[in-house]
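Text of target35.pdb, listed as PDB, C-alpha atoms and all ligand atoms:
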```
ATOM      1  CA  MET A 248       1.650  10.235  25.016
ATOM      2  CA  ASP A 249       4.859  10.039  22.973
ATOM      3  CA  ARG A 250       5.399  12.098  19.833
ATOM      4  CA  VAL A 251       4.433   9.363  17.339
ATOM      5  CA  GLU A 252       1.230   8.605  19.230
ATOM      6  CA  GLU A 253       0.424  12.319  19.287
ATOM      7  CA  ILE A 254       0.953  12.577  15.521
ATOM      8  CA  LEU A 255      -1.221   9.504  14.892
ATOM      9  CA  SER A 256      -3.941  10.782  17.166
ATOM     10  CA  LYS A 257      -4.102  14.147  15.337
ATOM     11  CA  LEU A 258      -4.174  12.419  11.950
ATOM     12  CA  VAL A 259      -6.902   9.989  13.053
ATOM     13  CA  GLU A 260      -8.964  13.004  14.139
ATOM     14  CA  ARG A 261      -8.753  14.280  10.597
ATOM     15  CA  TYR A 262      -8.829  11.117   8.483
ATOM     16  CA  GLY A 263     -10.506   8.514  10.700
ATOM     17  CA  ASP A 264      -9.183   5.019  11.264
ATOM     18  CA  SER A 265     -11.533   2.926   9.163
ATOM     19  CA  TYR A 266     -10.212   0.748   6.401
ATOM     20  CA  PHE A 267     -11.484  -1.808   3.963
ATOM     21  CA  ARG A 268     -10.508  -5.441   4.178
ATOM     22  CA  ASP A 269     -10.904  -7.722   1.181
ATOM     23  CA  ASP A 270     -10.150 -11.199  -0.036
ATOM     24  CA  PRO A 271      -6.325 -11.740  -0.091
ATOM     25  CA  TYR A 272      -6.372 -12.657  -3.806
ATOM     26  CA  ARG A 273      -8.100  -9.383  -4.654
ATOM     27  CA  VAL A 274      -5.759  -7.352  -2.430
ATOM     28  CA  LEU A 275      -2.736  -8.998  -4.048
ATOM     29  CA  ILE A 276      -3.837  -8.378  -7.633
ATOM     30  CA  THR A 277      -5.146  -4.872  -6.921
ATOM     31  CA  THR A 278      -1.871  -3.833  -5.276
ATOM     32  CA  ILE A 279       0.111  -5.020  -8.293
ATOM     33  CA  LEU A 280      -2.226  -3.076 -10.595
ATOM     34  CA  SER A 281      -1.882   0.038  -8.413
ATOM     35  CA  GLN A 282       1.844   0.439  -9.081
ATOM     36  CA  ARG A 283       2.604   3.755 -10.782
ATOM     37  CA  THR A 284      -1.011   4.747 -11.353
ATOM     38  CA  ARG A 285      -3.810   6.698  -9.671
ATOM     39  CA  ASP A 286      -6.182   5.063  -7.179
ATOM     40  CA  GLU A 287      -9.147   5.911  -9.357
ATOM     41  CA  ASN A 288      -7.679   3.977 -12.318
ATOM     42  CA  THR A 289      -6.825   1.020 -10.104
ATOM     43  CA  ARG A 290     -10.382   0.919  -8.781
ATOM     44  CA  LYS A 291     -11.922   0.921 -12.257
ATOM     45  CA  ALA A 292      -9.550  -1.710 -13.654
ATOM     46  CA  SER A 293      -9.826  -4.075 -10.696
ATOM     47  CA  GLN A 294     -13.644  -3.920 -10.667
ATOM     48  CA  GLN A 295     -13.741  -4.959 -14.316
ATOM     49  CA  LEU A 296     -11.032  -7.567 -13.861
ATOM     50  CA  PHE A 297     -12.699  -9.318 -10.912
ATOM     51  CA  LYS A 298     -16.067  -9.241 -12.651
ATOM     52  CA  LYS A 299     -14.549 -11.223 -15.494
ATOM     53  CA  PHE A 300     -12.003 -13.278 -13.490
ATOM     54  CA  PRO A 301     -13.242 -13.615  -9.911
ATOM     55  CA  THR A 302     -10.840 -16.388  -8.857
ATOM     56  CA  PRO A 303      -7.103 -17.125  -9.242
ATOM     57  CA  GLU A 304      -8.053 -20.133 -11.420
ATOM     58  CA  SER A 305     -10.024 -18.025 -13.888
ATOM     59  CA  LEU A 306      -7.246 -15.428 -14.125
ATOM     60  CA  ALA A 307      -4.569 -18.122 -14.459
ATOM     61  CA  ASN A 308      -6.357 -19.494 -17.546
ATOM     62  CA  ALA A 309      -7.198 -16.155 -19.147
ATOM     63  CA  GLU A 310      -5.831 -14.918 -22.477
ATOM     64  CA  LEU A 311      -3.212 -12.185 -22.053
ATOM     65  CA  ASP A 312      -4.862  -9.997 -24.707
ATOM     66  CA  GLU A 313      -8.109 -10.010 -22.811
ATOM     67  CA  ILE A 314      -6.454  -9.126 -19.501
ATOM     68  CA  GLU A 315      -4.512  -6.321 -21.193
ATOM     69  CA  GLN A 316      -7.696  -4.832 -22.636
ATOM     70  CA  ILE A 317      -9.428  -4.852 -19.266
ATOM     71  CA  ILE A 318      -6.562  -3.286 -17.285
ATOM     72  CA  LYS A 319      -5.153  -0.869 -19.870
ATOM     73  CA  ILE A 320      -6.288   2.169 -17.861
ATOM     74  CA  VAL A 321      -3.635   1.448 -15.187
ATOM     75  CA  GLY A 322      -0.719   1.779 -17.623
ATOM     76  CA  PHE A 323       1.943  -0.802 -18.514
ATOM     77  CA  PRO A 324      -0.862  -3.233 -19.486
ATOM     78  CA  LYS A 325       1.407  -5.819 -21.101
ATOM     79  CA  GLN A 326       3.773  -6.122 -18.144
ATOM     80  CA  LYS A 327       0.999  -5.991 -15.561
ATOM     81  CA  ALA A 328      -1.158  -8.544 -17.428
ATOM     82  CA  GLU A 329       1.765 -10.971 -17.603
ATOM     83  CA  ARG A 330       2.616 -10.344 -13.961
ATOM     84  CA  ILE A 331      -0.884 -10.877 -12.548
ATOM     85  CA  ARG A 332      -1.483 -13.999 -14.626
ATOM     86  CA  GLU A 333       1.829 -15.449 -13.461
ATOM     87  CA  VAL A 334       0.981 -14.612  -9.855
ATOM     88  CA  ALA A 335      -2.482 -16.203 -10.248
ATOM     89  CA  ARG A 336      -0.887 -19.382 -11.621
ATOM     90  CA  LYS A 337       1.537 -19.565  -8.731
ATOM     91  CA  VAL A 338      -1.277 -18.962  -6.226
ATOM     92  CA  CYS A 339      -3.182 -21.881  -7.788
ATOM     93  CA  GLU A 340      -0.109 -24.128  -7.465
ATOM     94  CA  MET A 341       0.231 -23.105  -3.799
ATOM     95  CA  GLY A 342      -3.440 -23.797  -3.087
ATOM     96  CA  GLY A 343      -4.237 -20.166  -2.201
ATOM     97  CA  VAL A 344      -2.591 -16.867  -1.334
ATOM     98  CA  PRO A 345      -0.005 -17.520   1.389
ATOM     99  CA  SER A 346      -0.344 -15.671   4.694
ATOM    100  CA  GLN A 347       3.397 -15.612   5.506
ATOM    101  CA  LEU A 348       5.629 -12.728   4.445
ATOM    102  CA  ASP A 349       8.466 -14.899   3.097
ATOM    103  CA  GLU A 350       6.087 -16.970   0.969
ATOM    104  CA  LEU A 351       4.423 -13.875  -0.426
ATOM    105  CA  LEU A 352       7.856 -12.488  -1.324
ATOM    106  CA  ASN A 353       8.481 -15.644  -3.354
ATOM    107  CA  LEU A 354       5.619 -14.815  -5.701
ATOM    108  CA  PRO A 355       6.874 -13.392  -9.009
ATOM    109  CA  GLY A 356       7.439  -9.645  -8.819
ATOM    110  CA  VAL A 357       5.935  -9.237  -5.363
ATOM    111  CA  GLY A 358       7.941  -6.844  -3.185
ATOM    112  CA  ARG A 359       7.648  -5.954   0.484
ATOM    113  CA  LYS A 360       5.026  -3.232   0.063
ATOM    114  CA  THR A 361       2.657  -5.512  -1.845
ATOM    115  CA  ALA A 362       3.296  -8.439   0.510
ATOM    116  CA  ASN A 363       2.633  -6.286   3.575
ATOM    117  CA  CYS A 364      -0.568  -4.894   2.014
ATOM    118  CA  VAL A 365      -1.814  -8.473   1.581
ATOM    119  CA  LEU A 366      -0.988  -9.255   5.230
ATOM    120  CA  VAL A 367      -2.809  -6.151   6.496
ATOM    121  CA  TYR A 368      -5.733  -5.696   4.131
ATOM    122  CA  GLY A 369      -6.228  -9.352   3.183
ATOM    123  CA  PHE A 370      -5.362 -11.297   6.338
ATOM    124  CA  GLY A 371      -5.851  -8.628   9.033
ATOM    125  CA  GLN A 372      -2.317  -9.030  10.412
ATOM    126  CA  ASN A 373      -0.132  -6.317  11.921
ATOM    127  CA  ALA A 374       2.434  -5.222   9.337
ATOM    128  CA  VAL A 375       3.753  -1.951   7.926
ATOM    129  CA  PRO A 376       3.282  -1.453   4.188
ATOM    130  CA  VAL A 377       5.713   1.328   3.258
ATOM    131  CA  ASP A 378       4.802   3.166   0.084
ATOM    132  CA  THR A 379       6.216   6.457  -1.139
ATOM    133  CA  HIS A 380       3.931   8.485   1.203
ATOM    134  CA  VAL A 381       4.814   6.519   4.332
ATOM    135  CA  HIS A 382       8.544   6.691   3.498
ATOM    136  CA  ARG A 383       8.557  10.429   2.753
ATOM    137  CA  ILE A 384       6.398  11.556   5.682
ATOM    138  CA  SER A 385       8.171   9.369   8.250
ATOM    139  CA  ASN A 386      11.427  11.092   7.282
ATOM    140  CA  ARG A 387       9.967  14.605   7.160
ATOM    141  CA  LEU A 388       8.539  14.150  10.638
ATOM    142  CA  GLY A 389      11.869  12.780  11.880
ATOM    143  CA  ILE A 390      10.325   9.491  13.041
ATOM    144  CA  VAL A 391      12.958   7.689  10.972
ATOM    145  CA  SER A 392      16.094   8.761   9.174
ATOM    146  CA  THR A 393      16.361   6.489   6.162
ATOM    147  CA  SER A 394      17.001   6.448   2.446
ATOM    148  CA  THR A 395      14.969   3.408   1.327
ATOM    149  CA  PRO A 396      11.443   2.128   2.053
ATOM    150  CA  GLU A 397      12.967  -1.123   3.381
ATOM    151  CA  GLN A 398      14.984   0.786   6.003
ATOM    152  CA  THR A 399      11.888   2.826   6.843
ATOM    153  CA  GLU A 400       9.863  -0.338   7.413
ATOM    154  CA  ARG A 401      12.564  -1.693   9.730
ATOM    155  CA  GLU A 402      12.848   1.532  11.742
ATOM    156  CA  ILE A 403       9.076   1.916  12.093
ATOM    157  CA  MET A 404       8.848  -1.654  13.372
ATOM    158  CA  GLU A 405      11.529  -0.865  15.944
ATOM    159  CA  ARG A 406      10.122   2.484  17.062
ATOM    160  CA  VAL A 407       6.357   2.240  16.751
ATOM    161  CA  PRO A 408       4.356  -0.162  18.952
ATOM    162  CA  LYS A 409       2.927  -3.040  16.945
ATOM    163  CA  GLU A 410      -0.675  -2.118  17.674
ATOM    164  CA  PHE A 411      -0.197   1.133  15.711
ATOM    165  CA  TRP A 412       1.397  -0.311  12.543
ATOM    166  CA  VAL A 413      -1.781  -0.637  10.498
ATOM    167  CA  LEU A 414      -3.078   2.750  11.597
ATOM    168  CA  TYR A 415       0.279   4.285  10.691
ATOM    169  CA  ASN A 416      -0.106   3.134   7.088
ATOM    170  CA  ILE A 417      -3.758   4.162   6.805
ATOM    171  CA  VAL A 418      -3.381   7.742   8.029
ATOM    172  CA  PHE A 419      -0.002   8.486   6.445
ATOM    173  CA  VAL A 420      -1.211   7.477   2.974
ATOM    174  CA  ARG A 421      -4.288   9.734   3.291
ATOM    175  CA  PHE A 422      -2.166  12.554   4.758
ATOM    176  CA  GLY A 423       0.365  12.226   1.901
ATOM    177  CA  GLN A 424      -2.319  12.505  -0.764
ATOM    178  CA  ASP A 425      -3.981  15.452   0.928
ATOM    179  CA  ILE A 426      -1.485  17.681   2.801
ATOM    180  CA  CYS A 427       2.076  16.354   3.113
ATOM    181  CA  ARG A 428       2.375  15.956  -0.636
ATOM    182  CA  PRO A 429       5.660  15.117  -2.386
ATOM    183  CA  LEU A 430       5.904  18.633  -3.859
ATOM    184  CA  ASN A 431       4.575  21.755  -2.174
ATOM    185  CA  PRO A 432       3.418  20.251   1.126
ATOM    186  CA  ARG A 433       0.600  22.329   2.629
ATOM    187  CA  CYS A 434       2.410  23.096   5.889
ATOM    188  CA  ASP A 435       0.153  26.121   6.542
ATOM    189  CA  VAL A 436      -2.864  23.833   7.107
ATOM    190  CA  CYS A 437      -1.017  20.817   8.502
ATOM    191  CA  PRO A 438      -2.508  19.387  11.712
ATOM    192  CA  VAL A 439       0.913  18.167  12.922
ATOM    193  CA  SER A 440       3.056  21.162  11.905
ATOM    194  CA  GLU A 441       3.958  21.888  15.527
ATOM    195  CA  LEU A 442       5.514  18.440  15.757
ATOM    196  CA  CYS A 443       7.365  18.627  12.437
ATOM    197  CA  PRO A 444      11.048  19.566  12.089
ATOM    198  CA  SER A 445      10.645  19.960   8.292
ATOM    199  CA  LYS A 446       7.845  22.526   8.389
ATOM    200  CA  GLU A 447       8.164  25.017   5.533
ATOM    201  CA  GLU A 448       7.435  28.621   6.501
TER
HETATM  202  S1  LIG B 501       4.545  20.537   8.500
HETATM  203 FE1  LIG B 501       4.718  20.263   6.274
HETATM  204  S2  LIG B 501       6.414  18.824   5.951
HETATM  205 FE2  LIG B 501       5.764  18.679   8.106
HETATM  206  S3  LIG B 501       4.281  17.016   8.149
HETATM  207 FE3  LIG B 501       3.132  18.900   7.897
HETATM  208  S4  LIG B 501       2.867  19.145   5.669
HETATM  209 FE4  LIG B 501       4.498  17.627   6.009
END
```
If you took the structure in this file and wrote it as structure tokens, what would it be?
Ligand code: SF4
Amino acid sequence: MDRVEEILSKLVERYGDSYFRDDPYRVLITTILSQRTRDENTRKASQQLFKKFPTPESLANAELDEIEQIIKIVGFPKQKAERIREVARKVCEMGGVPSQLDELLNLPGVGRKTANCVLVYGFGQNAVPVDTHVHRISNRLGIVSTSTPEQTEREIMERVPKEFWVLYNIVFVRFGQDICRPLNPRCDVCPVSELCPSKEE
């Protein structure tokens, strides 16, 4: 087993490998709402939003004020309300959420992380969504040596077999929230400390 596979196997032992797939429209909108906020807030806001606007058509025709009220818990309600309504309108014009990376990247304000989340969690494709946890931990563990999430995505795709890409995202996000945190990583209880060149004594 190579080092990356060993790391993944230890993290799967701790965090499992299950994940939730959803409708691509819901994944797309939820990922936009999740920017710069806590998961708990995203969950609450998206539940309310989809109750009121279950389809791209209904969201595309909604009043901005109403969207803002519903999603205010996620922060930046004005910008996010404008963004998700614009995305919903574009999705309606396209006849549905596209399943190709380049088309997703053409949606207003959709970057690589969001697009890759839609591919993985909406369409069940192999892709590597790189958020702040995946970027930080990949560098700490020396799997990549990069300064931007885009470079990290590229290096992971080169170094990690395709069948592990989705798993890589799932376990690294959970690991980053729990142990390998941005500040004060809990190296003393880390299940992969023996494989980590950045371990803090
Ligand atoms: S040893 Fe510390 S820095 Fe390395 S992966 Fe574990 S928690 Fe992160």
When distances are computed from all atoms listed in the file, which of A:Ile279, A:Val381, A:Val407, A:Leu366 shows the smallest separation from Asp349 of chain A?
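Among the listed residues, the smallest separation from Asp349 of chain A belongs to A:Leu366.
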Measure the distance from atom CA of Phe323 of chain A to atom CA of Thr278 of chain A in Å and round it to one decimal.
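So the answer is 14.1 Å.
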On this structure, which residues satisfy the PyMOL selection byres (((not hetatm)) within 10 of (chain B and resi 501)), written as a PyMOL selection string?
chain A and resi 254+383-389+419+422-423+425-448
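The neighbours of Ser281 of chain A here are the residues that come within 12 Å of it, using only C-alpha atoms and leaving out any residue fewer than 6 positions away in the same chain; they are A:Arg273, A:Val274, A:Leu275, A:Glu287, A:Asn288, A:Thr289, A:Arg290, A:Lys291, A:Ala292, A:Ser293, A:Ile318, A:Lys319, A:Ile320, A:Val321, A:Gly322, A:Phe323, A:Pro324, A:Lys327, A:Ile331, A:Lys360, A:Thr361, A:Cys364, A:Asp378.
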Applied to this file, what does the PyMOL selection byres (((chain A and resi 373) around 9) and not hetatm) return in terms of residues, put as a list in words?
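After applying the PyMOL selection byres (((chain A and resi 373) around 9) and not hetatm), what remains is Asn363, Leu366, Val367, Gly371, Gln372, Ala374, Val375, Lys409, Glu410, Phe411, Trp412 and Val413 of chain A.
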List, as a list of chain:residue names, every residue that the PyMOL selection byres (((chain A and resi 258) around 10) and not hetatm) selects in the file provided.
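Given this file, the PyMOL selection byres (((chain A and resi 258) around 10) and not hetatm) evaluates to A:Glu252, A:Glu253, A:Ile254, A:Leu255, A:Ser256, A:Lys257, A:Val259, A:Glu260, A:Arg261, A:Tyr262, A:Gly263, A:Asp264, A:Leu414, A:Tyr415, A:Ile417, A:Val418, A:Phe419, A:Arg421, A:Phe422, A:Cys437, A:Pro438, A:Val439.
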Nearest to Val251 of chain A, chosen from A:Phe267, A:Ile403, A:Glu310, A:Gln424, with only C-alpha atoms counted in the distances:
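Residue with the minimum atom-to-atom distance to Val251 of chain A: A:Ile403.
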